[in-house]
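Report on the following structure.
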Protein chains: 4
Amino acid sequence: MSGTTIEPQAARSVVRIRVRFVETDAMGVVHHANYAPYMELARIEWLRRRGVSYASIASAGLHLAVYELSIRYRAPARFDDEIDIETHLRELGAASVRFDYRMVRVADRQLLAEGSTRLACVDDRVVLCRLTPEMVGVLTKPEQPT
Amino acid sequence: MSGTTIEPQAARSVVRIRVRFVETDAMGVVHHANYAPYMELARIEWLRRRGVSYASIASAGLHLAVYELSIRYRAPARFDDEIDIETHLRELGAASVRFDYRMVRVADRQLLAEGSTRLACVDDRVVLCRLTPEMVGVLTKPEQPT
Amino acid sequence: MSGTTIEPQAARSVVRIRVRFVETDAMGVVHHANYAPYMELARIEWLRRRGVSYASIASAGLHLAVYELSIRYRAPARFDDEIDIETHLRELGAASVRFDYRMVRVADRQLLAEGSTRLACVDDRVVLCRLTPEMVGVLTKPEQPT
Amino acid sequence: MSGTTIEPQAARSVVRIRVRFVETDAMGVVHHANYAPYMELARIEWLRRRGVSYASIASAGLHLAVYELSIRYRAPARFDDEIDIETHLRELGAASVRFDYRMVRVADRQLLAEGSTRLACVDDRVVLCRLTPEMVGVLTKPEQPT
């Protein structure tokens, strides 16, 4: 990692979602595969709050592609639960970033899951490319007033 | 509809799937939204058995885009059920096709759902385009020996 | 249908969602199967705004199970689009209800899709049961102040 | 881990799937969240080949619940790709198991992803319970002739 300094408080956003019925499974809880999309939408919202729409990055032919994912499940989430997804930028490399996540049920502050993703900056042909200075600028900003 | 004649027996294929756990919901049954992907994969397999990979159509910039979908649910499907998806080409127009589906549990031949989709031939910019004579040729063929 | 009168203005709610990246497909648009969960979450929110959590109905052993679904797709939705889902209760029978939906992109008010679902009141063993007077009371209420 | 010995060759099964269109995303590749269901269905098939239907375990009130998941993505999978999911039982504890996975595209033997899941044996109330001797017996068997 290149060593761009990350200021922890600036690097944190909390996004609230509500569990959809379609996300549950026959065990009566949220199916474990759905936490990856939860983390994805939290990360996209993290960017939006720093002034960047991921849709505009994508339409410029750049993507932040997940190349590593890990999740530890702590307690089951259930249908209709509201969940706070705390999203932290943890590492900022030349062509990659790492985000960590804590998912907490709003009602009782129960920790539901912790996760981490590493993402690489790639172009439309899935070729690795360096983060532009503009992107580094965005990634080191705190949430912007809306 | 243009009136291309469809020979019913030639227009029918049966594709067998098995219900994945992720497709169930907290009612303990297959979530109703999953029948649309079931019908989609059956339709793609229907094409394959007539010598066409949908992936090759798509990479040529053409798509068969669903513009109308209807499903009637008759009995719940459950995790691990094997399901036969009977897929029938019912109409063949200048730029559109209609497929009908019957989904039947293999174990007891219980009818689970009936569905119908209308699809339009569109290009990469989602502009309507006529079915090519080659596609009409494929769509009126019976299953090919593999 | 039993003929319980529905007051159109009371029977309408609008729920706003944002398209998740996971909901797109290789055509670059929202995959058609995702509209069924959109309609489901809008319907659940419709109930919540009349004072009912669907989770509490479900934990009492009752479900509103979709037995008929139809969708007409009018224009493609794309990643990150905000969509207003206008949800209307249209019919209220002894053991079933019908909701209709119009999905409109917020940015340009483009109609994206129209849909309809019929739902049956069933218990945990998927046996049909009459709507209780309490449920009929809820279903004929307008949105409640929060 | 309790130290039940695992014979590597017996502990391996290969399950073949084909990528569904609904599993792709607007980058034109399989969305990374779909690898968790791929691994799940491979694991369930792994059990079936040793004479156990996971549905029968579940209907007896037991579940193997994923409590840890990790995936490293090596190359993008695309629509219609056939994928071999090599599934290995790696650890067998008193109340938990670990499965590892290698996903390889059939056409060119390209490694697509590697993954690992840890699962805990839980009952219907999501309370941890020991693996029964019967389950240990199954988990240490090789594939059975069908």
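Scheme for the structure tokens: letters A, B, ... for chains in order shown; per-chain residue numbers from 1; ligand numbers from 1 in order shown.
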Could you give me, as a ChimeraX atom specification, each residue of stretch 42-142 of chain A that DSSP assigns to alpha helix (DSSP H) when run on this structure's backbone?
/A:42-48,54-59,133-139
Hey, list the chain A side of the contact with chain B: 10 Å cut-off, only C-alpha atoms, answer as a list in words.
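Result, ordered by chain then number: Phe21, Val22, Glu23, Thr24, Asp25, Ala26, Met27, Gly28, Val29, Val30, His31, His32, Ala33, Asn34, Arg78 and Phe79 of chain A.
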Just to be explicit: take each residue in the selection above, keep N, CA, C and O atoms, and write the result as a PDB file, in the first residue's frame.
```
ATOM      1  N   PHE A  21     -38.061  -8.643   2.333  1.00  0.00           N
ATOM      2  CA  PHE A  21     -38.517 -10.016   2.517  1.00  0.00           C
ATOM      3  C   PHE A  21     -37.776 -10.982   1.595  1.00  0.00           C
ATOM      4  O   PHE A  21     -37.413 -12.092   1.984  1.00  0.00           O
ATOM      5  N   VAL A  22     -37.529 -10.544   0.373  1.00  0.00           N
ATOM      6  CA  VAL A  22     -36.843 -11.401  -0.608  1.00  0.00           C
ATOM      7  C   VAL A  22     -35.438 -11.788  -0.132  1.00  0.00           C
ATOM      8  O   VAL A  22     -34.865 -12.766  -0.631  1.00  0.00           O
ATOM      9  N   GLU A  23     -34.883 -11.065   0.812  1.00  0.00           N
ATOM     10  CA  GLU A  23     -33.528 -11.340   1.283  1.00  0.00           C
ATOM     11  C   GLU A  23     -33.482 -12.410   2.377  1.00  0.00           C
ATOM     12  O   GLU A  23     -32.405 -12.840   2.781  1.00  0.00           O
ATOM     13  N   THR A  24     -34.653 -12.828   2.862  1.00  0.00           N
ATOM     14  CA  THR A  24     -34.680 -13.882   3.876  1.00  0.00           C
ATOM     15  C   THR A  24     -34.626 -15.253   3.198  1.00  0.00           C
ATOM     16  O   THR A  24     -34.804 -15.374   1.995  1.00  0.00           O
ATOM     17  N   ASP A  25     -34.366 -16.279   4.003  1.00  0.00           N
ATOM     18  CA  ASP A  25     -34.371 -17.644   3.483  1.00  0.00           C
ATOM     19  C   ASP A  25     -35.197 -18.548   4.394  1.00  0.00           C
ATOM     20  O   ASP A  25     -35.802 -18.071   5.364  1.00  0.00           O
ATOM     21  N   ALA A  26     -35.225 -19.821   4.079  1.00  0.00           N
ATOM     22  CA  ALA A  26     -36.095 -20.750   4.802  1.00  0.00           C
ATOM     23  C   ALA A  26     -35.655 -20.995   6.245  1.00  0.00           C
ATOM     24  O   ALA A  26     -36.376 -21.659   6.996  1.00  0.00           O
ATOM     25  N   MET A  27     -34.489 -20.489   6.664  1.00  0.00           N
ATOM     26  CA  MET A  27     -34.138 -20.516   8.086  1.00  0.00           C
ATOM     27  C   MET A  27     -34.812 -19.355   8.828  1.00  0.00           C
ATOM     28  O   MET A  27     -34.659 -19.226  10.039  1.00  0.00           O
ATOM     29  N   GLY A  28     -35.490 -18.484   8.096  1.00  0.00           N
ATOM     30  CA  GLY A  28     -36.199 -17.371   8.719  1.00  0.00           C
ATOM     31  C   GLY A  28     -35.326 -16.150   8.954  1.00  0.00           C
ATOM     32  O   GLY A  28     -35.757 -15.189   9.606  1.00  0.00           O
ATOM     33  N   VAL A  29     -34.115 -16.179   8.427  1.00  0.00           N
ATOM     34  CA  VAL A  29     -33.172 -15.072   8.642  1.00  0.00           C
ATOM     35  C   VAL A  29     -32.678 -14.552   7.288  1.00  0.00           C
ATOM     36  O   VAL A  29     -32.978 -15.124   6.246  1.00  0.00           O
ATOM     37  N   VAL A  30     -31.909 -13.472   7.321  1.00  0.00           N
ATOM     38  CA  VAL A  30     -31.324 -12.958   6.081  1.00  0.00           C
ATOM     39  C   VAL A  30     -30.299 -13.963   5.555  1.00  0.00           C
ATOM     40  O   VAL A  30     -29.404 -14.386   6.292  1.00  0.00           O
ATOM     41  N   HIS A  31     -30.449 -14.363   4.295  1.00  0.00           N
ATOM     42  CA  HIS A  31     -29.491 -15.300   3.705  1.00  0.00           C
ATOM     43  C   HIS A  31     -28.108 -14.644   3.665  1.00  0.00           C
ATOM     44  O   HIS A  31     -27.976 -13.474   3.310  1.00  0.00           O
ATOM     45  N   HIS A  32     -27.078 -15.433   3.984  1.00  0.00           N
ATOM     46  CA  HIS A  32     -25.749 -14.846   4.156  1.00  0.00           C
ATOM     47  C   HIS A  32     -25.197 -14.176   2.892  1.00  0.00           C
ATOM     48  O   HIS A  32     -24.365 -13.282   2.981  1.00  0.00           O
ATOM     49  N   ALA A  33     -25.679 -14.605   1.720  1.00  0.00           N
ATOM     50  CA  ALA A  33     -25.159 -13.996   0.488  1.00  0.00           C
ATOM     51  C   ALA A  33     -25.574 -12.531   0.344  1.00  0.00           C
ATOM     52  O   ALA A  33     -24.933 -11.781  -0.400  1.00  0.00           O
ATOM     53  N   ASN A  34     -26.634 -12.123   1.036  1.00  0.00           N
ATOM     54  CA  ASN A  34     -27.130 -10.756   0.857  1.00  0.00           C
ATOM     55  C   ASN A  34     -26.282  -9.687   1.528  1.00  0.00           C
ATOM     56  O   ASN A  34     -26.461  -8.502   1.264  1.00  0.00           O
ATOM     57  N   ARG A  78     -33.114 -10.321  10.601  1.00  0.00           N
ATOM     58  CA  ARG A  78     -34.429 -10.834  10.224  1.00  0.00           C
ATOM     59  C   ARG A  78     -35.174  -9.832   9.349  1.00  0.00           C
ATOM     60  O   ARG A  78     -34.813  -8.667   9.262  1.00  0.00           O
ATOM     61  N   PHE A  79     -36.210 -10.343   8.719  1.00  0.00           N
ATOM     62  CA  PHE A  79     -37.043  -9.510   7.862  1.00  0.00           C
ATOM     63  C   PHE A  79     -37.462  -8.238   8.587  1.00  0.00           C
ATOM     64  O   PHE A  79     -37.887  -8.296   9.742  1.00  0.00           O
TER      65      PHE A  79
END
```
Atom CA of B:Arg130 to atom CA of C:Arg74: how many Å, to one decimal?
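Calculated distance between atom CA of B:Arg130 and atom CA of C:Arg74 is 18.6 Å.
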One decimal place gives the atom CA of B:Asp123-atom CA of B:Ala95 separation as 11.3 Å
Fewer than 4 positions away in the same chain doesn't count, so skip those; otherwise give me all residues within 12 Å of C:Gly137, counting only C-alpha atoms, as JSON, numbers by chain.
{"C": [4, 5, 6, 47, 50, 51, 52, 92, 131, 132, 133, 141, 142]}
Residues from the last selection, N, CA, C and O atoms, saved as a CSV table (one decimal), in the first residue's frame:
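Writing done, so here's part06.csv:
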```csv
chain,number,residue,atom,x,y,z
C,4,THR,N,-65.9,-4.5,-0.8
C,4,THR,CA,-65.6,-3.5,0.1
C,4,THR,C,-65.1,-2.3,-0.7
C,4,THR,O,-64.3,-2.4,-1.6
C,5,THR,N,-65.7,-1.1,-0.4
C,5,THR,CA,-65.4,0.1,-1.1
C,5,THR,C,-64.0,0.6,-0.8
C,5,THR,O,-63.6,0.6,0.3
C,6,ILE,N,-63.3,0.9,-1.9
C,6,ILE,CA,-61.9,1.4,-1.7
C,6,ILE,C,-61.9,2.9,-2.2
C,6,ILE,O,-62.3,3.2,-3.3
C,47,LEU,N,-48.3,-0.9,3.8
C,47,LEU,CA,-48.9,-1.4,5.0
C,47,LEU,C,-48.4,-0.6,6.3
C,47,LEU,O,-49.1,-0.2,7.1
C,50,ARG,N,-49.8,2.6,7.2
C,50,ARG,CA,-51.2,2.5,7.7
C,50,ARG,C,-51.1,1.8,9.1
C,50,ARG,O,-52.1,1.3,9.6
C,51,GLY,N,-49.9,1.8,9.7
C,51,GLY,CA,-49.8,1.3,11.1
C,51,GLY,C,-49.5,-0.2,11.2
C,51,GLY,O,-49.5,-0.7,12.4
C,52,VAL,N,-49.2,-0.9,10.2
C,52,VAL,CA,-49.1,-2.3,10.3
C,52,VAL,C,-47.7,-2.7,9.8
C,52,VAL,O,-47.3,-2.4,8.7
C,92,LEU,N,-60.4,-5.7,-2.8
C,92,LEU,CA,-60.3,-6.2,-1.4
C,92,LEU,C,-61.4,-7.2,-1.3
C,92,LEU,O,-62.6,-6.9,-1.2
C,131,LEU,N,-59.5,-12.6,5.5
C,131,LEU,CA,-59.0,-11.4,6.1
C,131,LEU,C,-59.7,-11.1,7.3
C,131,LEU,O,-61.0,-11.0,7.3
C,132,THR,N,-59.0,-10.8,8.4
C,132,THR,CA,-59.7,-10.5,9.7
C,132,THR,C,-60.3,-9.0,9.5
C,132,THR,O,-59.8,-8.2,8.7
C,133,PRO,N,-61.3,-8.7,10.3
C,133,PRO,CA,-61.8,-7.3,10.3
C,133,PRO,C,-60.7,-6.3,10.6
C,133,PRO,O,-60.7,-5.2,10.0
C,141,LYS,N,-57.6,2.1,5.4
C,141,LYS,CA,-57.2,3.4,6.0
C,141,LYS,C,-56.3,4.2,5.0
C,141,LYS,O,-55.6,3.5,4.2
C,142,PRO,N,-56.3,5.5,5.1
C,142,PRO,CA,-55.2,6.2,4.4
C,142,PRO,C,-53.9,6.2,5.2
C,142,PRO,O,-53.9,5.6,6.3
```
Rounded to one decimal in Å, what is the spacing between atom CA of D:Ala94 and atom CA of D:Gln9?
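Between atom CA of D:Ala94 and atom CA of D:Gln9 the gap is 21.8 Å.
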With only C-alpha atoms as the basis for distance, which of D:Arg125, D:Arg16, D:Arg118, D:Arg49 is at the shortest distance from D:Leu89?
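Between D:Arg125, D:Arg16, D:Arg118, D:Arg49, the residue approaching D:Leu89 most closely is D:Arg118.
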Would you pick out the contacts of A:Ala113 at 6 Å or less, using only C-alpha atoms, so that residues sharing its chain but fewer than 4 positions from it are not included, and give the list as a list in words?
Arg72, Tyr73, Arg74 and Met103 of chain A
Those same residues - C-alpha atoms - I'd like them written as a compact mmCIF listing (two decimals), in the first residue's frame.
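Saved as result-v2.txt:
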```
# COMPACT_ATOMS: atom_id res chain seq x y z
CA ARG A 72 -17.99 -12.85 9.76
CA TYR A 73 -21.60 -13.41 10.78
CA ARG A 74 -22.27 -12.60 14.44
CA MET A 103 -23.49 -4.08 10.44
```
